[in-house]
Amino acid sequence: MSGMGPVRAKKRLGQNFLVNPAVAARIVAESAIGPDDDALEIGPGMGALTRPLSAAARTVTAVEVDPALADYLRGEFAGSGNVTVVCGDILDYDLAGAYPPGGAVPAVISNLPYYITTPIIFKVLESGVPIKSMTLMVQSEVADRLLAPPGTKEYGVLTVTAAYHCKISKVMDVHPHSFSPQPGVGSTVLRFVPWDRGGLDAADIDLFRDVVRAAFGMRRKTVANALRGYRGRAMGGAAVLGALDGAGIDGGRRGETLSLPEFIALANRMHGG
């Protein structure tokens, strides 16, 4: 397939259609989505993942931003009985309205458009909607960032924020030949599973996010200096050092060396202060 099928791939939407059915089948299998699960597919494209998903899941809600593709998919799955195609931007999609408390807990699956991968991940993880899991195909460079350990150049805001919500593991790498048109970068499938932090929770999730962003805002700064202007407000050096000391963190370290538990402990000390 050349990308010239029923709908032409649109570069401005970052469309690289998965055209390898064996890869699609493995992704769905690795997602562990079963007959009691409700799947939320982001950016279904030509339906490569939607087809095995419709056979595996109880229901599939496929959110597609391209009206031409949405129309194509509605025709393709008109007789399936369990696939609903929503035409819209996932970044504007009302996840909380679609999955209210006490209702279905979605298993998210996607071949993500690479140019908006990070906003989509944050959208789902920070929506407040419980999820069963996420199985996402991302650019390999982004996968490296999500899996990076502290102290590496890949470790950053995305790493820490995603790790707060989920345990993340690598499923497989996918060759560019599996797509049409072929992307100029490698792809990796990751699985995200919400985890029990054992009481290691941020007292104020917004403050936690701000502390993480501030710590990485200027990577060459020590964490003590980086945090003096967190949340856009001045915080005295003594107060910063007091919070760091209370969390057992040397203020002379750089933010990129702090682990997730250290970020949580620091944010909670700042909250208490």
# chains A, B, ... in the order shown; residues from 1 in each chain; ligands from 1
$ residues_around --residues "region 158-166 of chain A" --least-positions-apart "3" --cutoff "8 Å" --atoms "only C-alpha atoms" --output "number ranges by chain"
A: 118, 121-122, 125, 145-148, 155, 192-195, 209, 212, 259-260
$ write_last_selection --atoms "C-alpha atoms" --output "PDB file, in the first residue's frame"
ATOM      1  CA  THR A 118       3.485  14.173  24.441  1.00  0.00           C
ATOM      2  CA  ILE A 121      -0.021  11.176  26.770  1.00  0.00           C
ATOM      3  CA  PHE A 122      -0.458  14.052  29.235  1.00  0.00           C
ATOM      4  CA  LEU A 125      -2.767  10.534  32.208  1.00  0.00           C
ATOM      5  CA  ARG A 145      12.770   9.518  27.151  1.00  0.00           C
ATOM      6  CA  LEU A 146       9.881   7.687  28.791  1.00  0.00           C
ATOM      7  CA  LEU A 147      12.119   4.815  29.874  1.00  0.00           C
ATOM      8  CA  ALA A 148      15.162   6.904  30.850  1.00  0.00           C
ATOM      9  CA  TYR A 155      15.415  11.901  31.597  1.00  0.00           C
ATOM     10  CA  PHE A 192       1.627   1.749  30.412  1.00  0.00           C
ATOM     11  CA  VAL A 193      -0.064   0.149  33.433  1.00  0.00           C
ATOM     12  CA  PRO A 194      -1.355   2.212  36.379  1.00  0.00           C
ATOM     13  CA  TRP A 195       0.429   1.245  39.564  1.00  0.00           C
ATOM     14  CA  ARG A 209       3.942  19.043  38.245  1.00  0.00           C
ATOM     15  CA  VAL A 212       9.122  18.832  38.230  1.00  0.00           C
ATOM     16  CA  SER A 259      14.188  10.092  41.327  1.00  0.00           C
ATOM     17  CA  LEU A 260      10.387  10.003  41.255  1.00  0.00           C
TER      18      LEU A 260
END
$ residues_around --residues "Leu73 (chain A)" --least-positions-apart "2" --cutoff "8 Å" --atoms "only C-alpha atoms" --output "tab-separated table (two decimals) with C-alpha atoms, in the first residue's frame"
chain	number	residue	atom	x	y	z
A	46	MET	CA	-7.10	3.21	8.09
A	47	GLY	CA	-8.17	0.81	10.83
A	69	LEU	CA	-10.86	8.85	7.51
A	70	ALA	CA	-13.74	8.92	9.99
A	71	ASP	CA	-16.20	8.47	7.10
A	75	GLY	CA	-18.19	2.40	6.29
A	76	GLU	CA	-15.58	-0.24	7.07
A	77	PHE	CA	-17.07	-1.10	10.46
A	85	VAL	CA	-16.13	6.14	15.29
$ select_by_dssp --residues "region 7-220 of chain A" --states "strand (DSSP E or B)" --output "ChimeraX atom specification"
/A:17-18,38-42,59-64,83-87,106-111,133-139,166-174,179-180,187-194
$ residues_around --residues "Leu91 (chain A)" --least-positions-apart "2" --cutoff "7 Å" --atoms "only C-alpha atoms" --output "compact mmCIF listing (two decimals) with C-alpha atoms, in the first residue's frame"
# COMPACT_ATOMS: atom_id res chain seq x y z
CA ASP A 89 -9.42 15.89 18.05
CA TYR A 93 -12.30 15.01 23.50
CA ILE A 120 -1.82 13.17 24.07
CA LYS A 123 -4.11 14.45 28.19
$ select_by_dssp --residues "region 154-246 of chain A" --states "alpha helix (DSSP H)" --output "VMD selection string"
chain A and resid 157 to 165 205 to 217 223 to 226 237 to 246
$ residues_around --residues "Gly128 (chain A)" --least-positions-apart "3" --cutoff "10 Å" --atoms "only C-alpha atoms" --output "list in words"
Leu95, Ala96, Pro100, Pro101, Lys123, Val124, Leu125 and Ile131 of chain A
$ closest_residue --among "A:Thr117, A:Thr61, A:Ser110, A:Thr222" --to "Val86 (chain A)" --atoms "only C-alpha atoms"
A:Thr61
$ closest_atom_pairs --of "region 71-134 of chain A" --to "region 25-43 of chain A" --cutoff "10 Å" --atoms "only C-alpha atoms" --output "CSV"
residue,atom,partner,partner_atom,distance
A:Asn82,CA,A:Asp38,CA,9.6
A:Val83,CA,A:Ala39,CA,9.4
A:Thr84,CA,A:Leu40,CA,9.8
A:Val85,CA,A:Glu41,CA,9.4
A:Val86,CA,A:Ile42,CA,9.9
A:Cys87,CA,A:Gly43,CA,9.8
A:Gly88,CA,A:Gly43,CA,9.6
A:Asp89,CA,A:Gly43,CA,8.9
A:Ile90,CA,A:Ile42,CA,6.9
A:Leu95,CA,A:Leu40,CA,10.0
A:Ala104,CA,A:Asp38,CA,6.8
A:Val105,CA,A:Asp38,CA,7.0
A:Pro106,CA,A:Asp38,CA,5.2
A:Ala107,CA,A:Ala39,CA,4.8
A:Val108,CA,A:Leu40,CA,4.7
A:Ile109,CA,A:Glu41,CA,5.0
A:Ser110,CA,A:Ile42,CA,5.1
A:Asn111,CA,A:Gly43,CA,6.8
A:Leu112,CA,A:Gly43,CA,6.6
A:Pro113,CA,A:Gly43,CA,7.4
A:Ile120,CA,A:Ile42,CA,9.0
A:Ile131,CA,A:Leu40,CA,9.8
A:Lys132,CA,A:Asp37,CA,8.7
A:Ser133,CA,A:Ser31,CA,7.7
A:Met134,CA,A:Ser31,CA,7.5
$ residues_around --residues "Leu266 (chain A)" --least-positions-apart "5" --cutoff "7 Å" --atoms "only C-alpha atoms" --output "list in words"
Ala243, Leu244 and Ala247 of chain A
$ residues_around --residues "region 203-208 of chain A" --least-positions-apart "3" --cutoff "7 Å" --atoms "only C-alpha atoms" --output "list in words"
Val211, Val212, Ile264, Ala267, Asn268 and His271 of chain A
$ write_last_selection --atoms "N, CA and C atoms" --output "mmCIF file, in the first residue's frame"
data_model
loop_
_atom_site.group_PDB
_atom_site.id
_atom_site.type_symbol
_atom_site.label_atom_id
_atom_site.label_comp_id
_atom_site.auth_asym_id
_atom_site.auth_seq_id
_atom_site.Cartn_x
_atom_site.Cartn_y
_atom_site.Cartn_z
ATOM 1 N N VAL A 211 6.816 21.626 40.357
ATOM 2 C CA VAL A 211 8.155 21.375 40.891
ATOM 3 C C VAL A 211 8.994 20.609 39.876
ATOM 4 N N VAL A 212 8.395 19.608 39.242
ATOM 5 C CA VAL A 212 9.122 18.832 38.230
ATOM 6 C C VAL A 212 9.525 19.730 37.067
ATOM 7 N N ILE A 264 8.439 13.528 44.601
ATOM 8 C CA ILE A 264 7.197 13.522 45.373
ATOM 9 C C ILE A 264 7.454 14.036 46.782
ATOM 10 N N ALA A 267 7.999 17.861 46.643
ATOM 11 C CA ALA A 267 6.750 18.590 46.425
ATOM 12 C C ALA A 267 5.890 18.583 47.674
ATOM 13 N N ASN A 268 5.867 17.468 48.381
ATOM 14 C CA ASN A 268 5.058 17.387 49.591
ATOM 15 C C ASN A 268 5.625 18.263 50.698
ATOM 16 N N HIS A 271 4.565 21.681 49.799
ATOM 17 C CA HIS A 271 3.136 21.821 50.095
ATOM 18 C C HIS A 271 2.943 22.098 51.582
#
